[in-house]
$ cat data_17.cif   # mmCIF, C-alpha atoms
data_model
loop_
_atom_site.label_atom_id
_atom_site.label_comp_id
_atom_site.auth_asym_id
_atom_site.auth_seq_id
_atom_site.Cartn_x
_atom_site.Cartn_y
_atom_site.Cartn_z
CA MET A 1 130.16 105.03 130.27
CA LYS A 2 126.45 105.85 130.14
CA ARG A 3 126.45 104.87 126.49
CA ILE A 4 127.83 101.41 127.27
CA PHE A 5 125.17 100.83 129.93
CA PHE A 6 122.49 101.97 127.48
CA HIS A 7 123.69 99.49 124.84
CA ILE A 8 123.87 96.64 127.35
CA PHE A 9 120.37 97.48 128.61
CA ALA A 10 119.06 97.61 125.01
CA VAL A 11 120.57 94.20 124.20
CA ILE A 12 119.03 92.65 127.33
CA LEU A 13 115.65 94.21 126.59
CA ILE A 14 115.65 92.95 123.00
CA SER A 15 116.71 89.48 124.17
CA PHE A 16 113.76 89.27 126.56
CA SER A 17 111.31 90.50 123.93
CA LEU A 18 112.51 87.90 121.42
CA ALA A 19 112.33 85.06 123.93
CA GLY A 20 108.60 84.59 123.21
CA CYS A 21 109.23 84.12 119.49
CA GLY A 22 110.67 80.63 119.87
CA THR A 23 108.94 77.33 119.52
CA PRO A 24 105.18 77.07 119.92
CA ASN A 25 103.69 75.85 123.20
CA MET A 26 101.26 73.51 121.45
CA GLU A 27 99.78 72.49 118.16
CA GLY A 28 96.47 71.00 117.22
CA ILE A 29 93.40 70.99 115.00
CA ILE A 30 90.75 73.69 115.21
CA LEU A 31 87.30 72.34 116.10
CA GLU A 32 85.52 75.69 116.33
CA VAL A 33 86.21 79.35 115.59
CA ASN A 34 84.28 82.36 116.87
CA LYS A 35 84.98 86.07 117.37
CA ARG A 36 86.38 85.52 120.87
CA GLY A 37 88.69 82.63 120.12
CA ILE A 38 89.33 79.06 119.06
CA LYS A 39 88.53 75.62 120.45
CA LEU A 40 91.50 73.38 119.73
CA ALA A 41 92.07 69.61 119.98
CA THR A 42 95.72 68.99 120.81
CA GLU A 43 95.48 65.18 120.89
CA LEU A 44 93.77 64.51 117.57
CA SER A 45 95.44 63.30 114.39
CA PRO A 46 94.36 64.55 110.97
CA GLU A 47 93.02 61.06 110.20
CA GLU A 48 90.92 61.01 113.38
CA TYR A 49 89.65 64.49 112.59
CA GLU A 50 88.47 63.36 109.14
CA GLU A 51 86.43 60.58 110.77
CA MET A 52 84.71 62.93 113.22
CA LYS A 53 84.70 66.31 111.47
CA ASN A 54 80.89 66.40 111.17
CA GLU A 55 80.27 65.76 114.89
CA SER A 56 79.34 68.67 117.15
CA VAL A 57 81.96 70.09 119.48
CA SER A 58 79.73 69.37 122.50
CA LYS A 59 79.50 65.69 121.47
CA ILE A 60 83.29 65.48 121.10
CA GLN A 61 83.73 67.12 124.50
CA ASN A 62 81.21 64.77 126.16
CA GLU A 63 82.91 61.73 124.61
CA ASP A 64 86.19 63.10 125.89
CA ILE A 65 84.84 63.47 129.44
CA TYR A 66 82.76 60.30 129.70
CA GLY A 67 84.49 58.03 127.20
CA ASP A 68 87.89 56.44 127.01
CA THR A 69 89.34 58.97 124.55
CA TYR A 70 91.33 62.07 125.32
CA ARG A 71 91.37 64.86 122.74
CA GLY A 72 93.20 67.51 124.77
CA LEU A 73 90.59 70.21 124.21
CA ILE A 74 91.48 73.79 125.02
CA ASP A 75 89.55 77.04 124.65
CA LEU A 76 91.90 79.76 123.43
CA THR A 77 91.05 83.42 123.74
CA TYR A 78 92.46 85.11 120.65
CA ASP A 79 91.55 88.45 119.11
CA ASN A 80 92.46 87.76 115.49
CA THR A 81 90.48 84.68 114.43
CA ASP A 82 90.01 85.91 110.86
CA GLY A 83 91.61 83.53 108.41
CA PHE A 84 91.19 80.43 110.60
CA ARG A 85 88.55 77.79 110.03
CA LYS A 86 87.44 74.46 111.38
CA GLY A 87 89.92 71.72 110.49
CA ASP A 88 93.00 73.95 110.24
CA GLU A 89 96.16 72.55 111.79
CA VAL A 90 97.78 75.32 113.85
CA GLU A 91 100.67 76.14 116.15
CA VAL A 92 99.95 78.17 119.27
CA TRP A 93 102.03 80.37 121.54
CA ILE A 94 100.40 80.89 124.95
CA ASP A 95 100.33 84.23 126.78
CA GLY A 96 100.42 83.43 130.50
CA ASP A 97 99.11 80.36 132.28
CA ILE A 98 96.77 77.59 131.18
CA MET A 99 93.75 77.27 133.47
CA GLU A 100 93.25 73.76 134.78
CA SER A 101 89.63 73.20 133.84
CA TYR A 102 88.16 71.00 131.18
CA PRO A 103 88.40 72.05 128.56
CA SER A 104 91.48 73.98 129.56
CA LYS A 105 91.47 77.71 128.95
CA ALA A 106 94.28 80.03 127.94
CA LYS A 107 95.04 83.25 126.12
CA ALA A 108 96.91 82.81 122.85
CA LYS A 109 99.66 85.27 122.08
CA LYS A 110 100.07 83.97 118.55
CA VAL A 111 98.34 81.38 116.37
CA SER A 112 99.68 80.39 112.97
CA LEU A 113 98.80 77.77 110.39
CA LYS A 114 101.07 74.76 110.60
CA GLU A 115 103.30 74.36 107.59
#
$ encode --input "data_17.cif" --output "structure tokens"
Amino acid sequence: MKRIFFHIFAVILISFSLAGCGTPNMEGIILEVNKRGIKLATELSPEEYEEMKNESVSKIQNEDIYGDTYRGLIDLTYDNTDGFRKGDEVEVWIDGDIMESYPSKAKAKKVSLKE
């Protein structure tokens, strides 16, 4: 009997741990990478990025705040930023809540290059 309960508990535990491996919470284009994380634009097409890729992040953010465009900027805390660079299209899985500031802030559980 104890063995059956152990197996049921193990199946439930594995199910919960795999629940975070599903679809990404968001995708976007990286505007900036540093050791602490990534600044991502979630509302920017690759074509739009090509037109503005040489602009500073602060200019893009100011245009976003004071202009009529919305780029969906978010600052992601992420420990493993090696291998990512400005302009990469990525998928992001969020760990916890997204803070309602602008730009938004969140902790990324996983970031992967979009295929």
$ atom_distance --input "data_17.cif" --atom1 "CA of Lys107 (chain A)" --atom2 "CA of Arg36 (chain A)"
10.4 Å
$ closest_residue --input "data_17.cif" --among "A:Asp82, A:Glu115, A:Glu27, A:Asp68" --to "Leu40 (chain A)" --atoms "only C-alpha atoms"
A:Glu27
$ residues_around --input "data_17.cif" --residues "Glu32 (chain A)" --least-positions-apart "5" --cutoff "7 Å" --atoms "all atoms listed in the file" --output "number ranges by chain"
A: 38-39, 86
$ atom_distance --input "data_17.cif" --atom1 "CA of Lys110 (chain A)" --atom2 "CA of Arg85 (chain A)"
15.6 Å
$ closest_residue --input "data_17.cif" --among "A:Asn62, A:Thr81, A:Ser104, A:Ser45" --to "Ile29 (chain A)" --atoms "only C-alpha atoms"
A:Ser45
$ resolve_selection --input "data_17.cif" --expression "the PyMOL selection byres ((chain A and resi 60) around 12)" --output "number ranges by chain"
A: 31-32, 39-41, 44, 48-49, 51-59, 61-73, 103
$ residues_around --input "data_17.cif" --residues "Ser101 (chain A)" --least-positions-apart "3" --cutoff "10 Å" --atoms "all atoms listed in the file" --output "list in words"
Ile74, Asp75, Ile98, Ser104 and Lys105 of chain A
$ write_last_selection --input "data_17.cif" --atoms "C-alpha atoms" --output "short mmCIF file (atom, residue, chain, number, x, y, z; two decimals), in the frame of the given file"
data_model
loop_
_atom_site.label_atom_id
_atom_site.label_comp_id
_atom_site.auth_asym_id
_atom_site.auth_seq_id
_atom_site.Cartn_x
_atom_site.Cartn_y
_atom_site.Cartn_z
CA ILE A 74 91.48 73.79 125.02
CA ASP A 75 89.55 77.04 124.65
CA ILE A 98 96.77 77.59 131.18
CA SER A 104 91.48 73.98 129.56
CA LYS A 105 91.47 77.71 128.95
#
$ resolve_selection --input "data_17.cif" --expression "the PyMOL selection byres ((chain A and resi 114) around 9)" --output "count of residues only"
9
$ atom_distance --input "data_17.cif" --atom1 "CA of Lys109 (chain A)" --atom2 "CA of Ile94 (chain A)"
5.3 Å
$ residues_near_point --input "data_17.cif" --point "(87.9, 82.9, 120.2)" --cutoff "7 Å" --atoms "only C-alpha atoms" --output "list in words"
Val33, Asn34, Lys35, Arg36, Gly37, Ile38, Leu76, Thr77, Tyr78, Asp79 and Thr81 of chain A
$ decode --input "data_17.cif" --residues "region 81-105 of chain A" --atoms "N, CA, C and O atoms" --output "mmCIF file, in the first residue's frame"
data_model
loop_
_atom_site.group_PDB
_atom_site.id
_atom_site.type_symbol
_atom_site.label_atom_id
_atom_site.label_comp_id
_atom_site.auth_asym_id
_atom_site.auth_seq_id
_atom_site.Cartn_x
_atom_site.Cartn_y
_atom_site.Cartn_z
ATOM 1 N N THR A 81 23.375 34.904 -19.394
ATOM 2 C CA THR A 81 23.205 35.722 -20.596
ATOM 3 C C THR A 81 24.258 35.430 -21.657
ATOM 4 O O THR A 81 24.201 35.995 -22.748
ATOM 5 N N ASP A 82 25.203 34.554 -21.345
ATOM 6 C CA ASP A 82 26.217 34.177 -22.341
ATOM 7 C C ASP A 82 25.516 33.547 -23.544
ATOM 8 O O ASP A 82 24.598 32.748 -23.402
ATOM 9 N N GLY A 83 25.956 33.897 -24.713
ATOM 10 C CA GLY A 83 25.382 33.313 -25.917
ATOM 11 C C GLY A 83 24.248 34.139 -26.506
ATOM 12 O O GLY A 83 23.767 33.830 -27.598
ATOM 13 N N PHE A 84 23.789 35.169 -25.798
ATOM 14 C CA PHE A 84 22.751 36.045 -26.334
ATOM 15 C C PHE A 84 23.377 37.368 -26.741
ATOM 16 O O PHE A 84 24.327 37.837 -26.122
ATOM 17 N N ARG A 85 22.830 37.976 -27.790
ATOM 18 C CA ARG A 85 23.337 39.271 -28.218
ATOM 19 C C ARG A 85 22.187 40.130 -28.728
ATOM 20 O O ARG A 85 21.089 39.628 -28.997
ATOM 21 N N LYS A 86 22.475 41.395 -28.842
ATOM 22 C CA LYS A 86 21.495 42.357 -29.326
ATOM 23 C C LYS A 86 20.971 41.904 -30.694
ATOM 24 O O LYS A 86 21.741 41.500 -31.558
ATOM 25 N N GLY A 87 19.649 41.945 -30.846
ATOM 26 C CA GLY A 87 19.026 41.554 -32.106
ATOM 27 C C GLY A 87 18.523 40.134 -32.154
ATOM 28 O O GLY A 87 17.793 39.764 -33.072
ATOM 29 N N ASP A 88 18.901 39.301 -31.175
ATOM 30 C CA ASP A 88 18.423 37.920 -31.150
ATOM 31 C C ASP A 88 16.926 37.878 -30.885
ATOM 32 O O ASP A 88 16.418 38.613 -30.036
ATOM 33 N N GLU A 89 16.230 37.015 -31.602
ATOM 34 C CA GLU A 89 14.821 36.755 -31.321
ATOM 35 C C GLU A 89 14.774 35.589 -30.338
ATOM 36 O O GLU A 89 15.369 34.540 -30.596
ATOM 37 N N VAL A 90 14.078 35.787 -29.212
ATOM 38 C CA VAL A 90 14.076 34.781 -28.147
ATOM 39 C C VAL A 90 12.667 34.480 -27.649
ATOM 40 O O VAL A 90 11.736 35.253 -27.859
ATOM 41 N N GLU A 91 12.569 33.337 -26.983
ATOM 42 C CA GLU A 91 11.371 32.944 -26.248
ATOM 43 C C GLU A 91 11.737 32.943 -24.778
ATOM 44 O O GLU A 91 12.846 32.558 -24.415
ATOM 45 N N VAL A 92 10.789 33.373 -23.931
ATOM 46 C CA VAL A 92 11.082 33.545 -22.511
ATOM 47 C C VAL A 92 10.015 32.871 -21.656
ATOM 48 O O VAL A 92 8.822 33.019 -21.904
ATOM 49 N N TRP A 93 10.482 32.151 -20.641
ATOM 50 C CA TRP A 93 9.630 31.583 -19.621
ATOM 51 C C TRP A 93 9.883 32.389 -18.349
ATOM 52 O O TRP A 93 11.020 32.525 -17.916
ATOM 53 N N ILE A 94 8.827 32.915 -17.749
ATOM 54 C CA ILE A 94 8.942 33.788 -16.580
ATOM 55 C C ILE A 94 8.854 32.967 -15.297
ATOM 56 O O ILE A 94 8.070 32.033 -15.182
ATOM 57 N N ASP A 95 9.675 33.364 -14.315
ATOM 58 C CA ASP A 95 9.675 32.738 -12.994
ATOM 59 C C ASP A 95 9.026 33.716 -12.024
ATOM 60 O O ASP A 95 9.655 34.659 -11.579
ATOM 61 N N GLY A 96 7.759 33.529 -11.736
ATOM 62 C CA GLY A 96 7.050 34.413 -10.816
ATOM 63 C C GLY A 96 6.223 35.459 -11.544
ATOM 64 O O GLY A 96 5.763 35.247 -12.654
ATOM 65 N N ASP A 97 6.080 36.608 -10.893
ATOM 66 C CA ASP A 97 5.226 37.671 -11.408
ATOM 67 C C ASP A 97 6.016 38.668 -12.238
ATOM 68 O O ASP A 97 7.225 38.778 -12.127
ATOM 69 N N ILE A 98 5.283 39.433 -13.037
ATOM 70 C CA ILE A 98 5.859 40.543 -13.794
ATOM 71 C C ILE A 98 5.486 41.823 -13.062
ATOM 72 O O ILE A 98 4.312 42.088 -12.816
ATOM 73 N N MET A 99 6.503 42.609 -12.690
ATOM 74 C CA MET A 99 6.254 43.863 -11.978
ATOM 75 C C MET A 99 5.701 44.913 -12.931
ATOM 76 O O MET A 99 6.215 45.099 -14.033
ATOM 77 N N GLU A 100 4.652 45.559 -12.505
ATOM 78 C CA GLU A 100 3.955 46.556 -13.309
ATOM 79 C C GLU A 100 4.630 47.913 -13.231
ATOM 80 O O GLU A 100 4.122 48.849 -12.635
ATOM 81 N N SER A 101 5.775 48.039 -13.821
ATOM 82 C CA SER A 101 6.462 49.313 -13.955
ATOM 83 C C SER A 101 6.708 49.501 -15.441
ATOM 84 O O SER A 101 6.265 48.680 -16.247
ATOM 85 N N TYR A 102 7.392 50.577 -15.805
ATOM 86 C CA TYR A 102 7.763 50.663 -17.205
ATOM 87 C C TYR A 102 9.195 51.085 -17.314
ATOM 88 O O TYR A 102 9.533 52.145 -16.839
ATOM 89 N N PRO A 103 10.053 50.291 -17.893
ATOM 90 C CA PRO A 103 9.686 48.992 -18.452
ATOM 91 C C PRO A 103 9.342 47.990 -17.360
ATOM 92 O O PRO A 103 9.793 48.125 -16.233
ATOM 93 N N SER A 104 8.549 47.013 -17.730
ATOM 94 C CA SER A 104 8.196 45.954 -16.787
ATOM 95 C C SER A 104 9.459 45.224 -16.358
ATOM 96 O O SER A 104 10.484 45.274 -17.046
ATOM 97 N N LYS A 105 9.380 44.541 -15.237
ATOM 98 C CA LYS A 105 10.520 43.786 -14.730
ATOM 99 C C LYS A 105 10.046 42.391 -14.328
ATOM 100 O O LYS A 105 8.965 42.231 -13.795
#
